[in-house]
file model-v4.pdb (PDB, C-alpha atoms)
MODEL        1
ATOM      1  CA  MET P 966     170.284 118.832 156.299  1.00  0.00           C
ATOM      2  CA  ILE P 967     170.254 115.098 155.810  1.00  0.00           C
ATOM      3  CA  SER P 968     173.958 114.805 156.515  1.00  0.00           C
ATOM      4  CA  GLN P 969     173.374 116.579 159.810  1.00  0.00           C
ATOM      5  CA  LEU P 970     170.798 114.071 160.952  1.00  0.00           C
ATOM      6  CA  GLY P 971     173.570 111.904 162.315  1.00  0.00           C
ATOM      7  CA  HIS P 972     173.892 108.428 160.905  1.00  0.00           C
ATOM      8  CA  ASN P 973     176.843 107.269 162.882  1.00  0.00           C
ATOM      9  CA  HIS P 974     176.217 103.836 164.231  1.00  0.00           C
ATOM     10  CA  VAL P 975     177.715 101.513 166.765  1.00  0.00           C
ATOM     11  CA  VAL P 976     177.068  97.831 166.150  1.00  0.00           C
ATOM     12  CA  SER P 977     178.015  95.444 168.900  1.00  0.00           C
ATOM     13  CA  VAL P 978     177.544  91.914 170.126  1.00  0.00           C
ATOM     14  CA  GLY P 979     177.894  90.931 173.735  1.00  0.00           C
ATOM     15  CA  ASP P 980     176.722  87.370 173.676  1.00  0.00           C
ATOM     16  CA  LEU P 981     179.490  85.431 172.014  1.00  0.00           C
ATOM     17  CA  GLU P 982     180.175  81.736 171.800  1.00  0.00           C
ATOM     18  CA  GLY P 983     183.650  80.395 171.354  1.00  0.00           C
ATOM     19  CA  LYS P 984     186.919  79.129 172.689  1.00  0.00           C
ATOM     20  CA  ILE P 985     190.476  80.297 172.932  1.00  0.00           C
ATOM     21  CA  TYR P 986     193.237  77.689 172.800  1.00  0.00           C
ATOM     22  CA  LEU P 987     196.280  79.097 174.527  1.00  0.00           C
ATOM     23  CA  SER P 988     199.537  77.428 173.562  1.00  0.00           C
ATOM     24  CA  PRO P 989     202.160  76.791 176.251  1.00  0.00           C
ATOM     25  CA  GLY P 990     204.440  79.519 174.867  1.00  0.00           C
ATOM     26  CA  LEU P 991     201.478  81.704 173.779  1.00  0.00           C
ATOM     27  CA  ASP P 992     202.730  81.793 170.165  1.00  0.00           C
ATOM     28  CA  HIS P 993     200.361  80.191 167.668  1.00  0.00           C
ATOM     29  CA  SER P 994     197.424  80.220 170.058  1.00  0.00           C
ATOM     30  CA  LYS P 995     194.047  79.737 168.426  1.00  0.00           C
ATOM     31  CA  VAL P 996     190.596  81.236 168.674  1.00  0.00           C
ATOM     32  CA  GLU P 997     187.187  80.168 167.413  1.00  0.00           C
ATOM     33  CA  ILE P 998     184.171  82.460 167.759  1.00  0.00           C
ATOM     34  CA  GLU P 999     180.640  82.325 166.446  1.00  0.00           C
ATOM     35  CA  VAL P1000     178.550  85.464 166.239  1.00  0.00           C
ATOM     36  CA  PRO P1001     174.842  84.844 165.689  1.00  0.00           C
ATOM     37  CA  VAL P1002     173.845  87.890 163.655  1.00  0.00           C
ATOM     38  CA  ASP P1003     170.424  88.122 165.288  1.00  0.00           C
ATOM     39  CA  ARG P1004     172.242  89.021 168.522  1.00  0.00           C
ATOM     40  CA  LEU P1005     173.860  92.101 166.994  1.00  0.00           C
ATOM     41  CA  ILE P1006     172.911  95.226 168.876  1.00  0.00           C
ATOM     42  CA  VAL P1007     172.599  98.578 167.156  1.00  0.00           C
ATOM     43  CA  ASP P1008     173.507 101.785 168.990  1.00  0.00           C
ATOM     44  CA  ASP P1009     173.901 100.564 172.543  1.00  0.00           C
ATOM     45  CA  PRO P1010     173.759 103.882 174.487  1.00  0.00           C
ATOM     46  CA  LYS P1011     176.717 102.952 176.715  1.00  0.00           C
ATOM     47  CA  LEU P1012     178.962 102.107 173.763  1.00  0.00           C
ATOM     48  CA  ARG P1013     177.878 105.231 171.858  1.00  0.00           C
ATOM     49  CA  ARG P1014     179.004 107.354 174.798  1.00  0.00           C
ATOM     50  CA  GLN P1015     182.414 105.680 174.672  1.00  0.00           C
ATOM     51  CA  GLU P1016     182.794 106.630 171.005  1.00  0.00           C
ATOM     52  CA  GLY P1017     182.898 110.353 171.722  1.00  0.00           C
ATOM     53  CA  GLN P1018     181.309 113.511 170.404  1.00  0.00           C
ATOM     54  CA  ALA P1019     180.403 112.214 166.935  1.00  0.00           C
ATOM     55  CA  PHE P1020     178.183 109.628 168.609  1.00  0.00           C
ATOM     56  CA  SER P1021     176.816 111.811 171.377  1.00  0.00           C
ATOM     57  CA  THR P1022     173.246 111.850 170.096  1.00  0.00           C
ATOM     58  CA  GLN P1023     171.130 108.773 170.797  1.00  0.00           C
ATOM     59  CA  PRO P1024     168.912 107.609 167.906  1.00  0.00           C
ATOM     60  CA  SER P1025     165.254 106.948 168.605  1.00  0.00           C
ATOM     61  CA  LYS P1026     163.989 103.421 169.121  1.00  0.00           C
ATOM     62  CA  ALA P1027     162.362 103.544 165.674  1.00  0.00           C
ATOM     63  CA  ASP P1028     165.640 104.656 164.068  1.00  0.00           C
ATOM     64  CA  ILE P1029     167.503 101.825 165.775  1.00  0.00           C
ATOM     65  CA  GLU P1030     164.955  99.246 164.665  1.00  0.00           C
ATOM     66  CA  GLY P1031     165.117 100.582 161.110  1.00  0.00           C
ATOM     67  CA  THR P1032     168.930 100.487 161.068  1.00  0.00           C
ATOM     68  CA  ARG P1033     168.936  96.963 162.486  1.00  0.00           C
ATOM     69  CA  ALA P1034     166.414  95.766 159.901  1.00  0.00           C
ATOM     70  CA  ASN P1035     168.535  97.287 157.127  1.00  0.00           C
ATOM     71  CA  MET P1036     171.696  95.710 158.526  1.00  0.00           C
ATOM     72  CA  LEU P1037     170.191  92.215 158.790  1.00  0.00           C
ATOM     73  CA  GLY P1038     168.307  92.496 155.526  1.00  0.00           C
ATOM     74  CA  SER P1039     169.001  91.507 151.955  1.00  0.00           C
ATOM     75  CA  GLU P1040     171.189  94.547 151.261  1.00  0.00           C
ATOM     76  CA  LEU P1041     173.814  93.779 153.873  1.00  0.00           C
ATOM     77  CA  LEU P1042     174.122  90.730 156.162  1.00  0.00           C
ATOM     78  CA  ARG P1043     171.256  88.604 154.764  1.00  0.00           C
ATOM     79  CA  ALA P1044     170.643  87.124 158.200  1.00  0.00           C
ATOM     80  CA  LYS P1045     168.033  84.579 157.111  1.00  0.00           C
ATOM     81  CA  ARG P1046     170.455  82.911 154.726  1.00  0.00           C
ATOM     82  CA  TYR P1047     173.635  83.477 156.751  1.00  0.00           C
ATOM     83  CA  PRO P1048     172.618  83.445 160.435  1.00  0.00           C
ATOM     84  CA  VAL P1049     176.129  83.069 161.895  1.00  0.00           C
ATOM     85  CA  ILE P1050     179.435  84.832 161.334  1.00  0.00           C
ATOM     86  CA  LYS P1051     182.281  82.438 162.104  1.00  0.00           C
ATOM     87  CA  LEU P1052     185.722  83.621 163.072  1.00  0.00           C
ATOM     88  CA  LYS P1053     188.793  81.428 163.347  1.00  0.00           C
ATOM     89  CA  GLY P1054     192.297  82.624 163.960  1.00  0.00           C
ATOM     90  CA  THR P1055     195.835  81.718 164.884  1.00  0.00           C
ATOM     91  CA  SER P1056     198.192  84.147 166.522  1.00  0.00           C
ATOM     92  CA  GLY P1057     201.700  84.818 165.360  1.00  0.00           C
ATOM     93  CA  ARG P1058     204.489  85.383 167.822  1.00  0.00           C
ATOM     94  CA  VAL P1059     203.369  86.940 171.106  1.00  0.00           C
ATOM     95  CA  SER P1060     205.696  89.737 172.248  1.00  0.00           C
ATOM     96  CA  ASN P1061     206.979  90.320 175.773  1.00  0.00           C
ATOM     97  CA  LYS P1062     204.206  92.875 176.156  1.00  0.00           C
ATOM     98  CA  ARG P1063     201.671  90.166 175.342  1.00  0.00           C
ATOM     99  CA  LYS P1064     200.868  91.664 171.957  1.00  0.00           C
ATOM    100  CA  ALA P1065     200.353  89.659 168.800  1.00  0.00           C
ATOM    101  CA  THR P1066     198.743  89.703 165.409  1.00  0.00           C
ATOM    102  CA  VAL P1067     195.995  87.142 164.955  1.00  0.00           C
ATOM    103  CA  ASN P1068     195.494  85.921 161.420  1.00  0.00           C
ATOM    104  CA  MET P1069     191.741  85.601 161.258  1.00  0.00           C
ATOM    105  CA  SER P1070     189.496  83.876 158.763  1.00  0.00           C
ATOM    106  CA  VAL P1071     186.057  85.443 158.819  1.00  0.00           C
ATOM    107  CA  GLU P1072     183.252  83.407 157.310  1.00  0.00           C
ATOM    108  CA  LEU P1073     180.697  85.975 156.220  1.00  0.00           C
ATOM    109  CA  LEU P1074     177.965  85.721 153.599  1.00  0.00           C
ATOM    110  CA  GLY P1075     179.346  82.407 152.396  1.00  0.00           C
ATOM    111  CA  ARG P1076     182.791  83.852 151.783  1.00  0.00           C
ATOM    112  CA  THR P1077     185.992  83.564 153.787  1.00  0.00           C
ATOM    113  CA  ILE P1078     187.842  86.809 154.375  1.00  0.00           C
ATOM    114  CA  LYS P1079     191.349  87.034 155.809  1.00  0.00           C
ATOM    115  CA  LEU P1080     192.077  89.731 158.363  1.00  0.00           C
ATOM    116  CA  ALA P1081     195.157  90.539 160.443  1.00  0.00           C
ATOM    117  CA  VAL P1082     193.816  91.530 163.850  1.00  0.00           C
ATOM    118  CA  PRO P1083     195.992  93.066 166.573  1.00  0.00           C
ATOM    119  CA  ALA P1084     195.520  91.506 169.987  1.00  0.00           C
ATOM    120  CA  THR P1085     196.692  92.155 173.520  1.00  0.00           C
ATOM    121  CA  LEU P1086     196.453  89.264 175.971  1.00  0.00           C
ATOM    122  CA  ARG P1087     196.015  89.662 179.693  1.00  0.00           C
ATOM    123  CA  ARG P1088     195.766  86.658 181.950  1.00  0.00           C
ATOM    124  CA  THR P1089     194.832  86.620 185.599  1.00  0.00           C
ATOM    125  CA  GLY P1090     194.721  83.092 186.957  1.00  0.00           C
ATOM    126  CA  ASP P1091     191.992  81.229 185.108  1.00  0.00           C
ATOM    127  CA  GLU P1092     190.711  84.349 183.376  1.00  0.00           C
ATOM    128  CA  LEU P1093     191.903  85.600 180.045  1.00  0.00           C
ATOM    129  CA  GLU P1094     191.144  88.903 178.386  1.00  0.00           C
ATOM    130  CA  VAL P1095     191.968  89.577 174.752  1.00  0.00           C
ATOM    131  CA  SER P1096     191.409  93.028 173.327  1.00  0.00           C
ATOM    132  CA  GLY P1097     192.308  95.109 170.328  1.00  0.00           C
ATOM    133  CA  ALA P1098     191.231  97.646 167.782  1.00  0.00           C
ATOM    134  CA  LEU P1099     191.611  98.096 164.049  1.00  0.00           C
ATOM    135  CA  LYS P1100     190.247 100.044 161.146  1.00  0.00           C
ATOM    136  CA  ILE P1101     188.571  98.042 158.424  1.00  0.00           C
ATOM    137  CA  SER P1102     186.391  98.853 155.481  1.00  0.00           C
ATOM    138  CA  HIS P1103     183.097  97.447 154.321  1.00  0.00           C
ATOM    139  CA  ALA P1104     184.959  96.535 151.122  1.00  0.00           C
ATOM    140  CA  GLN P1105     187.448  94.377 153.065  1.00  0.00           C
ATOM    141  CA  LEU P1106     184.495  92.409 154.395  1.00  0.00           C
ATOM    142  CA  GLY P1107     182.918  92.180 150.970  1.00  0.00           C
ATOM    143  CA  LEU P1108     180.099  94.491 152.058  1.00  0.00           C
ATOM    144  CA  THR P1109     178.651  97.613 150.504  1.00  0.00           C
ATOM    145  CA  PRO P1110     177.957 100.457 152.938  1.00  0.00           C
ATOM    146  CA  PHE P1111     174.239 100.879 153.420  1.00  0.00           C
ATOM    147  CA  SER P1112     172.688 103.821 151.654  1.00  0.00           C
ATOM    148  CA  ALA P1113     169.177 105.119 151.253  1.00  0.00           C
ATOM    149  CA  LEU P1114     167.409 107.960 149.489  1.00  0.00           C
ATOM    150  CA  LEU P1115     169.520 107.457 146.364  1.00  0.00           C
ATOM    151  CA  GLY P1116     172.710 107.709 148.367  1.00  0.00           C
ATOM    152  CA  ALA P1117     171.761 110.856 150.287  1.00  0.00           C
ATOM    153  CA  LEU P1118     171.927 108.799 153.460  1.00  0.00           C
ATOM    154  CA  GLN P1119     175.006 106.643 153.577  1.00  0.00           C
ATOM    155  CA  VAL P1120     177.395 105.291 156.147  1.00  0.00           C
ATOM    156  CA  ALA P1121     181.124 105.596 155.557  1.00  0.00           C
ATOM    157  CA  ASP P1122     183.115 102.733 154.093  1.00  0.00           C
ATOM    158  CA  LYS P1123     185.645 102.782 156.944  1.00  0.00           C
ATOM    159  CA  MET P1124     184.758 101.246 160.299  1.00  0.00           C
ATOM    160  CA  ASP P1125     186.515 101.344 163.628  1.00  0.00           C
ATOM    161  CA  LEU P1126     186.379  97.882 165.130  1.00  0.00           C
ATOM    162  CA  LYS P1127     187.140  97.294 168.790  1.00  0.00           C
ATOM    163  CA  TYR P1128     186.824  94.180 170.828  1.00  0.00           C
ATOM    164  CA  ARG P1129     187.328  92.913 174.313  1.00  0.00           C
ATOM    165  CA  ILE P1130     186.758  89.248 174.931  1.00  0.00           C
ATOM    166  CA  ARG P1131     186.866  87.628 178.333  1.00  0.00           C
ATOM    167  CA  ALA P1132     187.220  83.902 178.726  1.00  0.00           C
ATOM    168  CA  ARG P1133     187.505  81.500 181.600  1.00  0.00           C
ATOM    169  CA  ARG P1134     189.679  78.395 181.668  1.00  0.00           C
ATOM    170  CA  ALA P1135     187.594  75.334 180.899  1.00  0.00           C
ATOM    171  CA  ARG P1136     187.555  72.604 183.499  1.00  0.00           C
ATOM    172  CA  ASN P1137     188.460  69.156 182.217  1.00  0.00           C
TER     173      ASN P1137
ATOM    174  CA  MET E 643     189.541  41.480 140.241  1.00  0.00           C
ATOM    175  CA  THR E 644     192.235  38.975 140.966  1.00  0.00           C
ATOM    176  CA  LEU E 645     192.957  37.833 144.503  1.00  0.00           C
ATOM    177  CA  LYS E 646     196.380  39.507 144.382  1.00  0.00           C
ATOM    178  CA  ARG E 647     194.928  42.832 143.294  1.00  0.00           C
ATOM    179  CA  LEU E 648     192.241  42.594 145.964  1.00  0.00           C
ATOM    180  CA  ARG E 649     194.942  41.964 148.584  1.00  0.00           C
ATOM    181  CA  ASN E 650     196.886  45.010 147.342  1.00  0.00           C
ATOM    182  CA  VAL E 651     193.773  47.177 147.588  1.00  0.00           C
ATOM    183  CA  ILE E 652     193.079  45.959 151.127  1.00  0.00           C
ATOM    184  CA  SER E 653     196.723  46.550 152.109  1.00  0.00           C
ATOM    185  CA  PHE E 654     196.520  50.070 150.745  1.00  0.00           C
ATOM    186  CA  LEU E 655     193.300  50.775 152.650  1.00  0.00           C
ATOM    187  CA  VAL E 656     194.764  49.409 155.890  1.00  0.00           C
ATOM    188  CA  ALA E 657     197.916  51.525 155.416  1.00  0.00           C
ATOM    189  CA  ALA E 658     195.801  54.601 154.723  1.00  0.00           C
ATOM    190  CA  LEU E 659     193.702  53.989 157.843  1.00  0.00           C
ATOM    191  CA  LEU E 660     196.807  53.523 159.993  1.00  0.00           C
ATOM    192  CA  LEU E 661     198.366  56.679 158.561  1.00  0.00           C
ATOM    193  CA  PHE E 662     195.158  58.684 159.078  1.00  0.00           C
ATOM    194  CA  GLY E 663     194.759  57.335 162.607  1.00  0.00           C
ATOM    195  CA  GLY E 664     198.356  58.197 163.433  1.00  0.00           C
ATOM    196  CA  THR E 665     197.941  61.722 162.094  1.00  0.00           C
ATOM    197  CA  ALA E 666     194.730  62.184 164.072  1.00  0.00           C
ATOM    198  CA  ARG E 667     196.422  60.938 167.260  1.00  0.00           C
ATOM    199  CA  ALA E 668     199.350  63.276 166.655  1.00  0.00           C
ATOM    200  CA  GLN E 669     196.927  66.178 166.188  1.00  0.00           C
ATOM    201  CA  ARG E 670     195.038  65.331 169.402  1.00  0.00           C
ATOM    202  CA  SER E 671     198.366  65.089 171.216  1.00  0.00           C
ATOM    203  CA  ALA E 672     199.426  68.489 169.880  1.00  0.00           C
ATOM    204  CA  ASP E 673     196.078  70.000 170.843  1.00  0.00           C
ATOM    205  CA  SER E 674     196.335  68.593 174.344  1.00  0.00           C
ATOM    206  CA  GLY E 675     199.192  71.024 175.032  1.00  0.00           C
ATOM    207  CA  PHE E 676     196.782  73.931 174.669  1.00  0.00           C
ATOM    208  CA  GLU E 677     194.891  75.406 177.574  1.00  0.00           C
ATOM    209  CA  VAL E 678     191.254  75.820 176.605  1.00  0.00           C
ATOM    210  CA  PHE E 679     189.383  78.964 177.606  1.00  0.00           C
ATOM    211  CA  GLN E 680     185.633  79.236 177.145  1.00  0.00           C
ATOM    212  CA  ILE E 681     184.411  82.688 176.219  1.00  0.00           C
ATOM    213  CA  ASP E 682     182.420  83.999 179.137  1.00  0.00           C
ATOM    214  CA  ALA E 683     179.124  85.207 177.727  1.00  0.00           C
ATOM    215  CA  ALA E 684     178.209  86.699 181.104  1.00  0.00           C
ATOM    216  CA  ALA E 685     181.349  88.850 181.228  1.00  0.00           C
ATOM    217  CA  PRO E 686     181.325  92.269 179.601  1.00  0.00           C
ATOM    218  CA  THR E 687     182.550  90.903 176.312  1.00  0.00           C
ATOM    219  CA  TYR E 688     181.931  92.713 173.073  1.00  0.00           C
ATOM    220  CA  ILE E 689     182.902  93.232 169.513  1.00  0.00           C
ATOM    221  CA  CYS E 690     181.884  96.667 168.408  1.00  0.00           C
ATOM    222  CA  SER E 691     182.157  98.484 165.131  1.00  0.00           C
ATOM    223  CA  SER E 692     181.336 102.095 164.659  1.00  0.00           C
ATOM    224  CA  THR E 693     180.907 103.886 161.404  1.00  0.00           C
ATOM    225  CA  GLU E 694     180.239 107.512 160.729  1.00  0.00           C
ATOM    226  CA  ALA E 695     178.030 109.097 158.135  1.00  0.00           C
ATOM    227  CA  ALA E 696     179.725 109.415 154.758  1.00  0.00           C
TER     228      ALA E 696
ENDMDL
END

call {"tool": "encode", "arguments": {"input": "model-v4.pdb", "output": "structure tokens"}}
result
Amino acid sequence: MISQLGHNHVVSVGDLEGKIYLSPGLDHSKVEIEVPVDRLIVDDPKLRRQEGQAFSTQPSKADIEGTRANMLGSELLRAKRYPVIKLKGTSGRVSNKRKATVNMSVELLGRTIKLAVPATLRRTGDELEVSGALKISHAQLGLTPFSALLGALQVADKMDLKYRIRARRARN
Amino acid sequence: MTLKRLRNVISFLVAALLLFGGTARAQRSADSGFEVFQIDAAAPTYICSSTEAA
């Protein structure tokens, strides 16, 4: 019964701060992003719809608030002590199809975690879009999946991470 | 400290400052080749992770 209650979650952030440094040949471009954890959004209805059938139900407002409190709390992100997740990365070689792997350093909970993140670049004039997707685990991020009721309610260790970042060329 | 030793220490510090300054200038010069893009917070930008029930 409990497993059928549906504890699939989508966590997102839409209000990012950061810069992308595009090298002349694209290779070895750099990115710096800061994610204030208090801007993380739990179960945005639009994003849940994009995730398909497993996410077709929409949790109640109370459920969302509870999930968010658990996520920011002492068991997971410890937002009061670590209010910002910092990401820094440098791309490897960018292919003809504008694809690259970005070697990211993620500063989370006072630790630095290395991640290889696939990226596709698309540039239109002064606008740049970088997107990608990967599967990661809570363990890779040094996190323990949240559980409650002695483990009867638990989210899976694996996460699907997707991103799409749009940036505009800075004026000097 | 003798005057000679003091002069050596000062020479070392000056050399270190020049070296550091040169490295910093080289770094700024290298960085200047990059085009800088500011992430557009108003654009539909997101990082999203989804996880299913275990």

call {"tool": "residues_around", "arguments": {"input": "model-v4.pdb", "residues": "segment 1053-1070 of chain P", "least_positions_apart": "6", "cutoff": "6 Å", "atoms": "all atoms listed in the file", "output": "tab-separated table (two decimals) with C-alpha atoms, keeping the file's coordinate frame"}}
result
chain	number	residue	atom	x	y	z
P	992	ASP	CA	202.73	81.79	170.16
P	993	HIS	CA	200.36	80.19	167.67
P	994	SER	CA	197.42	80.22	170.06
P	995	LYS	CA	194.05	79.74	168.43
P	996	VAL	CA	190.60	81.24	168.67
P	997	GLU	CA	187.19	80.17	167.41
P	1078	ILE	CA	187.84	86.81	154.38
P	1079	LYS	CA	191.35	87.03	155.81
P	1080	LEU	CA	192.08	89.73	158.36
P	1081	ALA	CA	195.16	90.54	160.44
P	1082	VAL	CA	193.82	91.53	163.85
P	1083	PRO	CA	195.99	93.07	166.57
P	1084	ALA	CA	195.52	91.51	169.99
P	1085	THR	CA	196.69	92.16	173.52
P	1086	LEU	CA	196.45	89.26	175.97

call {"tool": "resolve_selection", "arguments": {"input": "model-v4.pdb", "expression": "the ChimeraX specification (/E :<9) & /P", "output": "ChimeraX atom specification"}}
result
/P:968-969,971-989,994-995,998,1008,1012-1013,1016,1019-1020,1091-1093,1118-1136

call {"tool": "atom_distance", "arguments": {"input": "model-v4.pdb", "atom1": "atom CA of Lys1051 of chain P", "atom2": "atom CA of Ile1029 of chain P"}}
result
24.7 Å

call {"tool": "atom_distance", "arguments": {"input": "model-v4.pdb", "atom1": "atom CA of Ser1102 of chain P", "atom2": "atom CA of Thr1022 of chain P"}}
result
23.6 Å

call {"tool": "atom_distance", "arguments": {"input": "model-v4.pdb", "atom1": "atom CA of Gly1017 of chain P", "atom2": "atom CA of Pro1110 of chain P"}}
result
21.8 Å

call {"tool": "residues_around", "arguments": {"input": "model-v4.pdb", "residues": "Leu1108 of chain P", "least_positions_apart": "2", "cutoff": "10 Å", "atoms": "all atoms listed in the file", "output": "ChimeraX atom specification"}}
result
/P:1040-1042,1073-1074,1102-1106,1110-1111,1122

call {"tool": "write_last_selection", "arguments": {"input": "model-v4.pdb", "atoms": "C-alpha atoms", "output": "CSV table (one decimal), in the coordinates of the input"}}
result
chain,number,residue,atom,x,y,z
P,1040,GLU,CA,171.2,94.5,151.3
P,1041,LEU,CA,173.8,93.8,153.9
P,1042,LEU,CA,174.1,90.7,156.2
P,1073,LEU,CA,180.7,86.0,156.2
P,1074,LEU,CA,178.0,85.7,153.6
P,1102,SER,CA,186.4,98.9,155.5
P,1103,HIS,CA,183.1,97.4,154.3
P,1104,ALA,CA,185.0,96.5,151.1
P,1105,GLN,CA,187.4,94.4,153.1
P,1106,LEU,CA,184.5,92.4,154.4
P,1110,PRO,CA,178.0,100.5,152.9
P,1111,PHE,CA,174.2,100.9,153.4
P,1122,ASP,CA,183.1,102.7,154.1

call {"tool": "residues_around", "arguments": {"input": "model-v4.pdb", "residues": "Ser1039 of chain P", "least_positions_apart": "5", "cutoff": "12 Å", "atoms": "all atoms listed in the file", "output": "compact mmCIF listing (two decimals) with C-alpha atoms, keeping the file's coordinate frame"}}
result
# COMPACT_ATOMS: atom_id res chain seq x y z
CA ARG P 1033 168.94 96.96 162.49
CA ALA P 1034 166.41 95.77 159.90
CA ALA P 1044 170.64 87.12 158.20
CA LYS P 1045 168.03 84.58 157.11
CA ARG P 1046 170.46 82.91 154.73
CA TYR P 1047 173.64 83.48 156.75
CA LEU P 1074 177.96 85.72 153.60
CA LEU P 1108 180.10 94.49 152.06
CA THR P 1109 178.65 97.61 150.50
CA PHE P 1111 174.24 100.88 153.42

call {"tool": "decode", "arguments": {"input": "model-v4.pdb", "residues": "segment 1013-1027 of chain P", "atoms": "C-alpha atoms", "output": "CSV table (one decimal), in the first residue's frame"}}
result
chain,number,residue,atom,x,y,z
P,1013,ARG,CA,6.4,16.2,-13.5
P,1014,ARG,CA,4.3,15.9,-16.7
P,1015,GLN,CA,7.5,15.8,-18.8
P,1016,GLU,CA,8.7,12.8,-16.7
P,1017,GLY,CA,6.0,10.5,-18.0
P,1018,GLN,CA,3.6,8.0,-16.5
P,1019,ALA,CA,5.5,7.3,-13.3
P,1020,PHE,CA,5.1,11.0,-12.3
P,1021,SER,CA,1.6,11.5,-13.6
P,1022,THR,CA,0.1,12.0,-10.2
P,1023,GLN,CA,0.5,15.4,-8.6
P,1024,PRO,CA,1.3,15.4,-4.8
P,1025,SER,CA,-0.7,17.6,-2.5
P,1026,LYS,CA,0.7,21.0,-1.4
P,1027,ALA,CA,1.2,19.5,2.1
